[in-house]
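Okay, final_23.cif is below, mmCIF, C-alpha atoms; chains and numbers go by the auth columns:
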```
data_structure
loop_
_atom_site.group_PDB
_atom_site.id
_atom_site.type_symbol
_atom_site.label_atom_id
_atom_site.label_comp_id
_atom_site.label_asym_id
_atom_site.label_seq_id
_atom_site.Cartn_x
_atom_site.Cartn_y
_atom_site.Cartn_z
_atom_site.B_iso_or_equiv
_atom_site.auth_seq_id
_atom_site.auth_asym_id
ATOM 1 C CA MET A 1 -26.259 -12.119 -78.837 0.00 1 Y
ATOM 2 C CA THR A 2 -24.124 -11.755 -81.945 0.00 2 Y
ATOM 3 C CA LEU A 3 -25.241 -10.751 -85.404 0.00 3 Y
ATOM 4 C CA ARG A 4 -24.852 -14.303 -86.685 0.00 4 Y
ATOM 5 C CA ASP A 5 -27.556 -15.344 -84.194 0.00 5 Y
ATOM 6 C CA ARG A 6 -30.028 -12.901 -85.718 0.00 6 Y
ATOM 7 C CA LYS A 7 -33.103 -14.643 -87.151 0.00 7 Y
ATOM 8 C CA ALA A 8 -33.526 -14.573 -90.906 0.00 8 Y
ATOM 9 C CA SER A 9 -34.380 -11.123 -92.202 0.00 9 Y
ATOM 10 C CA SER A 10 -34.026 -9.610 -95.639 0.00 10 Y
ATOM 11 C CA ILE A 11 -32.984 -6.308 -94.013 0.00 11 Y
ATOM 12 C CA ASP A 12 -29.231 -5.679 -93.994 0.00 12 Y
ATOM 13 C CA ALA A 13 -27.962 -5.671 -90.400 0.00 13 Y
ATOM 14 C CA GLN A 14 -25.941 -2.530 -91.164 0.00 14 Y
ATOM 15 C CA ALA A 15 -28.812 -0.656 -92.856 0.00 15 Y
ATOM 16 C CA ASP A 16 -29.597 2.915 -91.825 0.00 16 Y
ATOM 17 C CA LEU A 17 -32.262 2.154 -89.219 0.00 17 Y
ATOM 18 C CA THR A 18 -33.880 5.579 -89.569 0.00 18 Y
ATOM 19 C CA ALA A 19 -34.369 4.997 -93.309 0.00 19 Y
ATOM 20 C CA LEU A 20 -36.384 1.784 -92.896 0.00 20 Y
ATOM 21 C CA THR A 21 -39.994 1.878 -94.026 0.00 21 Y
ATOM 22 C CA PRO A 22 -42.600 0.837 -91.443 0.00 22 Y
ATOM 23 C CA GLU A 23 -42.852 -2.555 -93.173 0.00 23 Y
ATOM 24 C CA GLU A 24 -39.061 -3.046 -93.121 0.00 24 Y
ATOM 25 C CA ALA A 25 -38.924 -1.973 -89.472 0.00 25 Y
ATOM 26 C CA ARG A 26 -41.631 -4.516 -88.628 0.00 26 Y
ATOM 27 C CA GLU A 27 -39.624 -7.273 -90.355 0.00 27 Y
ATOM 28 C CA PHE A 28 -36.425 -6.151 -88.612 0.00 28 Y
ATOM 29 C CA LEU A 29 -38.107 -6.213 -85.185 0.00 29 Y
ATOM 30 C CA ALA A 30 -39.830 -9.531 -85.843 0.00 30 Y
ATOM 31 C CA ALA A 31 -36.401 -11.072 -86.422 0.00 31 Y
ATOM 32 C CA ALA A 32 -35.243 -9.738 -83.034 0.00 32 Y
ATOM 33 C CA LEU A 33 -38.240 -10.780 -80.919 0.00 33 Y
ATOM 34 C CA THR A 34 -38.982 -14.254 -79.541 0.00 34 Y
ATOM 35 C CA PRO A 35 -42.394 -14.590 -77.883 0.00 35 Y
ATOM 36 C CA ASP A 36 -43.171 -17.709 -75.838 0.00 36 Y
ATOM 37 C CA PRO A 37 -46.907 -17.776 -75.068 0.00 37 Y
ATOM 38 C CA ARG A 38 -46.594 -20.840 -72.815 0.00 38 Y
ATOM 39 C CA SER A 39 -44.117 -19.225 -70.438 0.00 39 Y
ATOM 40 C CA GLY A 40 -45.366 -15.679 -70.945 0.00 40 Y
ATOM 41 C CA VAL A 41 -41.827 -14.480 -71.685 0.00 41 Y
ATOM 42 C CA LEU A 42 -40.967 -12.150 -74.570 0.00 42 Y
ATOM 43 C CA GLN A 43 -37.302 -11.826 -75.455 0.00 43 Y
ATOM 44 C CA LEU A 44 -35.421 -9.231 -77.470 0.00 44 Y
ATOM 45 C CA TYR A 45 -32.175 -10.880 -78.544 0.00 45 Y
ATOM 46 C CA GLY A 46 -32.323 -13.266 -75.615 0.00 46 Y
ATOM 47 C CA GLN A 47 -33.093 -10.552 -73.048 0.00 47 Y
ATOM 48 C CA PRO A 48 -36.510 -10.615 -71.338 0.00 48 Y
ATOM 49 C CA CYS A 49 -38.623 -7.599 -72.209 0.00 49 Y
ATOM 50 C CA VAL A 50 -42.199 -6.390 -72.053 0.00 50 Y
ATOM 51 C CA ILE A 51 -44.244 -4.169 -74.309 0.00 51 Y
ATOM 52 C CA VAL A 52 -45.560 -1.345 -72.156 0.00 52 Y
ATOM 53 C CA ARG A 53 -47.531 1.746 -73.094 0.00 53 Y
ATOM 54 C CA PRO A 54 -45.752 5.015 -72.148 0.00 54 Y
ATOM 55 C CA GLU A 55 -48.700 5.852 -69.904 0.00 55 Y
ATOM 56 C CA VAL A 56 -47.608 3.085 -67.533 0.00 56 Y
ATOM 57 C CA ILE A 57 -44.262 4.809 -66.875 0.00 57 Y
ATOM 58 C CA VAL A 58 -45.916 8.233 -66.767 0.00 58 Y
ATOM 59 C CA ASN A 59 -48.549 6.994 -64.266 0.00 59 Y
ATOM 60 C CA ILE A 60 -45.730 5.774 -62.002 0.00 60 Y
ATOM 61 C CA GLN A 61 -44.048 9.172 -62.331 0.00 61 Y
ATOM 62 C CA LYS A 62 -47.262 11.097 -61.607 0.00 62 Y
ATOM 63 C CA GLN A 63 -48.005 8.922 -58.565 0.00 63 Y
ATOM 64 C CA LEU A 64 -44.491 9.559 -57.269 0.00 64 Y
ATOM 65 C CA GLU A 65 -44.995 13.302 -57.833 0.00 65 Y
ATOM 66 C CA LEU A 66 -48.210 13.188 -55.809 0.00 66 Y
ATOM 67 C CA THR A 67 -46.657 11.068 -53.062 0.00 67 Y
ATOM 68 C CA ILE A 68 -43.162 12.498 -52.640 0.00 68 Y
ATOM 69 C CA GLY A 69 -43.166 15.704 -54.687 0.00 69 Y
ATOM 70 C CA GLY A 70 -39.974 16.987 -56.306 0.00 70 Y
ATOM 71 C CA SER A 71 -37.969 13.906 -55.363 0.00 71 Y
ATOM 72 C CA ALA A 72 -39.888 12.012 -58.052 0.00 72 Y
ATOM 73 C CA LYS A 73 -37.670 13.645 -60.689 0.00 73 Y
ATOM 74 C CA GLY A 74 -34.549 12.127 -59.128 0.00 74 Y
ATOM 75 C CA ILE A 75 -36.090 8.692 -58.745 0.00 75 Y
ATOM 76 C CA MET A 76 -37.210 8.588 -62.388 0.00 76 Y
ATOM 77 C CA TYR A 77 -33.805 9.894 -63.511 0.00 77 Y
ATOM 78 C CA LEU A 78 -31.922 7.258 -61.519 0.00 78 Y
ATOM 79 C CA ALA A 79 -34.257 4.533 -62.804 0.00 79 Y
ATOM 80 C CA GLY A 80 -33.552 5.642 -66.379 0.00 80 Y
ATOM 81 C CA GLU A 81 -29.813 5.797 -65.742 0.00 81 Y
ATOM 82 C CA ARG A 82 -29.734 2.319 -64.257 0.00 82 Y
ATOM 83 C CA SER A 83 -31.982 0.940 -67.017 0.00 83 Y
ATOM 84 C CA SER A 84 -29.638 2.333 -69.652 0.00 84 Y
ATOM 85 C CA GLN A 85 -26.495 0.945 -68.080 0.00 85 Y
ATOM 86 C CA GLU A 86 -28.067 -2.487 -67.498 0.00 86 Y
ATOM 87 C CA GLY A 87 -29.997 -2.623 -70.762 0.00 87 Y
ATOM 88 C CA VAL A 88 -27.310 -1.765 -73.284 0.00 88 Y
ATOM 89 C CA SER A 89 -27.017 -5.335 -74.649 0.00 89 Y
ATOM 90 C CA PRO A 90 -30.365 -5.616 -76.495 0.00 90 Y
ATOM 91 C CA PHE A 91 -29.983 -2.136 -77.996 0.00 91 Y
ATOM 92 C CA ARG A 92 -26.465 -3.000 -79.127 0.00 92 Y
ATOM 93 C CA ALA A 93 -27.693 -6.246 -80.675 0.00 93 Y
ATOM 94 C CA LEU A 94 -30.642 -4.513 -82.358 0.00 94 Y
ATOM 95 C CA SER A 95 -28.319 -1.822 -83.713 0.00 95 Y
ATOM 96 C CA GLY A 96 -25.971 -4.465 -85.116 0.00 96 Y
ATOM 97 C CA GLU A 97 -23.111 -3.176 -82.942 0.00 97 Y
ATOM 98 C CA ASP A 98 -22.966 -5.779 -80.206 0.00 98 Y
ATOM 99 C CA VAL A 99 -19.236 -6.335 -79.772 0.00 99 Y
ATOM 100 C CA GLY A 100 -16.320 -4.234 -78.520 0.00 100 Y
ATOM 101 C CA ALA A 101 -16.111 -1.039 -76.516 0.00 101 Y
ATOM 102 C CA LEU A 102 -18.910 1.461 -77.023 0.00 102 Y
ATOM 103 C CA THR A 103 -17.960 4.129 -79.569 0.00 103 Y
ATOM 104 C CA LEU A 104 -19.795 7.294 -80.569 0.00 104 Y
ATOM 105 C CA GLU A 105 -20.843 5.692 -83.876 0.00 105 Y
ATOM 106 C CA MET A 106 -22.187 2.670 -81.997 0.00 106 Y
ATOM 107 C CA ALA A 107 -24.064 4.942 -79.579 0.00 107 Y
ATOM 108 C CA LYS A 108 -25.682 6.752 -82.523 0.00 108 Y
ATOM 109 C CA ARG A 109 -26.831 3.418 -83.974 0.00 109 Y
ATOM 110 C CA MET A 110 -28.194 2.362 -80.589 0.00 110 Y
ATOM 111 C CA ILE A 111 -30.152 5.611 -80.423 0.00 111 Y
ATOM 112 C CA ASP A 112 -31.529 4.860 -83.893 0.00 112 Y
ATOM 113 C CA ALA A 113 -32.440 1.346 -82.693 0.00 113 Y
ATOM 114 C CA SER A 114 -34.379 2.838 -79.762 0.00 114 Y
ATOM 115 C CA SER A 115 -36.628 4.627 -82.267 0.00 115 Y
ATOM 116 C CA LEU A 116 -37.672 1.204 -83.601 0.00 116 Y
ATOM 117 C CA LEU A 117 -38.967 0.406 -80.105 0.00 117 Y
ATOM 118 C CA GLY A 118 -41.059 3.562 -79.815 0.00 118 Y
ATOM 119 C CA TRP A 119 -38.785 5.828 -77.741 0.00 119 Y
ATOM 120 C CA GLY A 120 -39.119 8.733 -80.187 0.00 120 Y
ATOM 121 C CA HIS A 121 -36.628 9.805 -82.825 0.00 121 Y
ATOM 122 C CA ALA A 122 -33.392 10.959 -81.196 0.00 122 Y
ATOM 123 C CA GLU A 123 -30.432 12.758 -82.731 0.00 123 Y
ATOM 124 C CA ILE A 124 -27.171 13.865 -81.182 0.00 124 Y
ATOM 125 C CA GLU A 125 -26.924 17.561 -82.028 0.00 125 Y
ATOM 126 C CA THR A 126 -23.649 18.479 -80.321 0.00 126 Y
ATOM 127 C CA VAL A 127 -20.754 16.133 -79.645 0.00 127 Y
ATOM 128 C CA ASP A 128 -17.636 16.819 -77.606 0.00 128 Y
ATOM 129 C CA PRO A 129 -16.721 13.490 -75.971 0.00 129 Y
ATOM 130 C CA GLU A 130 -13.342 14.772 -74.755 0.00 130 Y
ATOM 131 C CA LYS A 131 -15.113 17.368 -72.615 0.00 131 Y
ATOM 132 C CA GLY A 132 -18.047 15.038 -71.927 0.00 132 Y
ATOM 133 C CA ARG A 133 -20.541 17.459 -73.466 0.00 133 Y
ATOM 134 C CA PHE A 134 -23.433 16.387 -75.676 0.00 134 Y
ATOM 135 C CA VAL A 135 -26.786 17.769 -76.753 0.00 135 Y
ATOM 136 C CA LEU A 136 -29.478 15.224 -77.612 0.00 136 Y
ATOM 137 C CA ARG A 137 -32.830 16.024 -79.215 0.00 137 Y
ATOM 138 C CA ILE A 138 -35.788 13.667 -79.157 0.00 138 Y
ATOM 139 C CA ALA A 139 -38.780 14.171 -81.414 0.00 139 Y
ATOM 140 C CA ASN A 140 -42.007 12.552 -80.233 0.00 140 Y
ATOM 141 C CA SER A 141 -40.865 11.603 -76.746 0.00 141 Y
ATOM 142 C CA PRO A 142 -43.416 9.028 -75.579 0.00 142 Y
ATOM 143 C CA MET A 143 -43.030 10.308 -72.004 0.00 143 Y
ATOM 144 C CA ALA A 144 -43.848 13.919 -72.926 0.00 144 Y
ATOM 145 C CA ILE A 145 -46.784 12.918 -75.116 0.00 145 Y
ATOM 146 C CA ALA A 146 -48.255 10.613 -72.456 0.00 146 Y
ATOM 147 C CA TYR A 147 -47.658 13.166 -69.678 0.00 147 Y
ATOM 148 C CA GLY A 148 -49.534 15.996 -71.384 0.00 148 Y
ATOM 149 C CA PRO A 149 -49.036 19.748 -70.953 0.00 149 Y
ATOM 150 C CA SER A 150 -46.572 20.857 -68.283 0.00 150 Y
ATOM 151 C CA LYS A 151 -44.765 24.062 -67.326 0.00 151 Y
ATOM 152 C CA LYS A 152 -41.580 22.067 -66.661 0.00 152 Y
ATOM 153 C CA PRO A 153 -39.755 19.299 -68.551 0.00 153 Y
ATOM 154 C CA VAL A 154 -41.119 15.856 -67.668 0.00 154 Y
ATOM 155 C CA CYS A 155 -38.848 13.315 -69.408 0.00 155 Y
ATOM 156 C CA HIS A 156 -36.806 12.496 -66.298 0.00 156 Y
ATOM 157 C CA PHE A 157 -36.561 8.790 -67.172 0.00 157 Y
ATOM 158 C CA LEU A 158 -35.182 9.627 -70.638 0.00 158 Y
ATOM 159 C CA ALA A 159 -32.706 12.131 -69.150 0.00 159 Y
ATOM 160 C CA GLY A 160 -31.375 9.384 -66.886 0.00 160 Y
ATOM 161 C CA TRP A 161 -31.309 6.917 -69.781 0.00 161 Y
ATOM 162 C CA ALA A 162 -29.244 9.372 -71.885 0.00 162 Y
ATOM 163 C CA ALA A 163 -26.873 9.978 -68.964 0.00 163 Y
ATOM 164 C CA GLY A 164 -26.386 6.238 -68.434 0.00 164 Y
ATOM 165 C CA MET A 165 -25.553 5.610 -72.079 0.00 165 Y
ATOM 166 C CA ALA A 166 -23.210 8.612 -72.261 0.00 166 Y
ATOM 167 C CA GLN A 167 -21.417 7.468 -69.087 0.00 167 Y
ATOM 168 C CA VAL A 168 -20.733 4.087 -70.706 0.00 168 Y
ATOM 169 C CA LEU A 169 -19.454 5.942 -73.786 0.00 169 Y
ATOM 170 C CA VAL A 170 -17.063 8.333 -72.017 0.00 170 Y
ATOM 171 C CA GLY A 171 -16.234 6.112 -69.042 0.00 171 Y
ATOM 172 C CA GLY A 172 -17.044 8.802 -66.494 0.00 172 Y
ATOM 173 C CA ALA A 173 -19.869 10.449 -64.551 0.00 173 Y
ATOM 174 C CA LEU A 174 -22.118 12.764 -66.552 0.00 174 Y
ATOM 175 C CA LEU A 175 -25.222 14.719 -65.656 0.00 175 Y
ATOM 176 C CA CYS A 176 -28.116 15.126 -68.096 0.00 176 Y
ATOM 177 C CA GLU A 177 -30.628 17.949 -67.878 0.00 177 Y
ATOM 178 C CA GLU A 178 -33.719 18.287 -70.017 0.00 178 Y
ATOM 179 C CA VAL A 179 -33.759 21.953 -71.024 0.00 179 Y
ATOM 180 C CA ALA A 180 -36.795 21.871 -73.346 0.00 180 Y
ATOM 181 C CA CYS A 181 -39.724 19.453 -73.491 0.00 181 Y
ATOM 182 C CA LYS A 182 -42.546 18.647 -75.886 0.00 182 Y
ATOM 183 C CA ALA A 183 -44.829 18.716 -72.822 0.00 183 Y
ATOM 184 C CA GLN A 184 -43.998 22.439 -72.613 0.00 184 Y
ATOM 185 C CA GLY A 185 -45.202 22.892 -76.182 0.00 185 Y
ATOM 186 C CA ARG A 186 -41.719 22.693 -77.710 0.00 186 Y
ATOM 187 C CA GLU A 187 -41.054 20.935 -81.004 0.00 187 Y
ATOM 188 C CA PHE A 188 -38.406 18.657 -79.449 0.00 188 Y
ATOM 189 C CA CYS A 189 -37.279 17.490 -76.067 0.00 189 Y
ATOM 190 C CA GLU A 190 -33.693 18.670 -75.699 0.00 190 Y
ATOM 191 C CA PHE A 191 -31.169 17.237 -73.265 0.00 191 Y
ATOM 192 C CA GLU A 192 -27.786 18.693 -72.324 0.00 192 Y
ATOM 193 C CA LEU A 193 -25.165 16.285 -71.007 0.00 193 Y
ATOM 194 C CA ARG A 194 -22.075 17.559 -69.211 0.00 194 Y
ATOM 195 C CA PRO A 195 -19.524 16.329 -66.666 0.00 195 Y
ATOM 196 C CA MET A 196 -20.727 15.958 -63.113 0.00 196 Y
ATOM 197 C CA PRO A 197 -19.823 19.057 -61.077 0.00 197 Y
ATOM 198 C CA ALA A 198 -16.952 18.600 -58.640 0.00 198 Y
ATOM 199 C CA PRO A 199 -18.118 17.964 -55.007 0.00 199 Y
#
```
I'd like the structure from this file rewritten - as structure tokens, please.
Amino acid sequence: MTLRDRKASSIDAQADLTALTPEEAREFLAAALTPDPRSGVLQLYGQPCVIVRPEVIVNIQKQLELTIGGSAKGIMYLAGERSSQEGVSPFRALSGEDVGALTLEMAKRMIDASSLLGWGHAEIETVDPEKGRFVLRIANSPMAIAYGPSKKPVCHFLAGWAAGMAQVLVGGALLCEEVACKAQGREFCEFELRPMPAP
């Protein structure tokens, strides 16, 4: 979906998304969403979507942890990675950067766009795309908040999501590890992305 297809909004498509007031953000999102009560389909720039509380994802994760133990981390990570790679289009459209190859600037805008949808406020702290190394911080991770206190990081879905986006950006395999988590009592969730180790 191109910018010219965007519904009428008084918000500039290239505005700093993190500087929008709550009222402006509501207007911006309203222009991007198309609900159809008769079919029960909600679309974000032509892509089907649902509004889900973070607890839904966390309940799936906790059930997996109870059922299969430590493997739950990998399943949630892979689900996040796949969701990121397959779901780039609506984030690109929402960010106003929906054409061309993914650049670092476009990725930053997509991250800002994700904050409009309730995924916390993310910032790229360290950038070295040539070496495939990044550090991403997320304030108010909905996964960590919904999960509650934990001795270990719990945002496996978000780690996979960050890895998927970064892989599209650098065109190669990257691994993302959450090294600090709000569920551990930290101020931010922090994710380190680096090239996949050689086999």
- Task: For a cut-off of 12 Å around (-31.4, 6.6, -71.1), file coordinates, pick out all residues using all atoms listed in the file and list them as a VMD selection string.
- Result: chain Y and resid 76 to 88 91 107 110 to 111 114 119 122 136 138 155 to 168 175 to 178 191 193
- Item | Of the listed residues Y:Ala32, Y:Ala183, Y:Ala19, Y:Ile75, that which approaches Pro142 of chain Y most closely, counting all atoms listed in the file | Y:Ala183
- Task: Given the file shown, enumerate the residues that the PyMOL selection byres ((chain Y and resi 104) around 12) captures and present them as a PyMOL selection string.
- Result: chain Y and resi 97+101-103+105-111+124+126-130+132+134+165-170
- Query: Which distance in Å separates atom CA of Tyr147 of chain Y and atom CA of Glu192 of chain Y, to one decimal?
  - Reply: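 Rounded to one decimal, the two atoms are 20.8 Å apart.
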- Query: Can you tell me how far atom CA of Val135 of chain Y sits from atom CA of Gln184 of chain Y, in Å to one decimal?
  - Reply: 18.3 Å
- Item | Counting all atoms listed in the file, the residue of Y:Ala173, Y:Ala198, Y:Val179, Y:Ile145 that sits nearest Arg53 of chain Y |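 Result for the nearest residue to Arg53 of chain Y: Y:Ile145.
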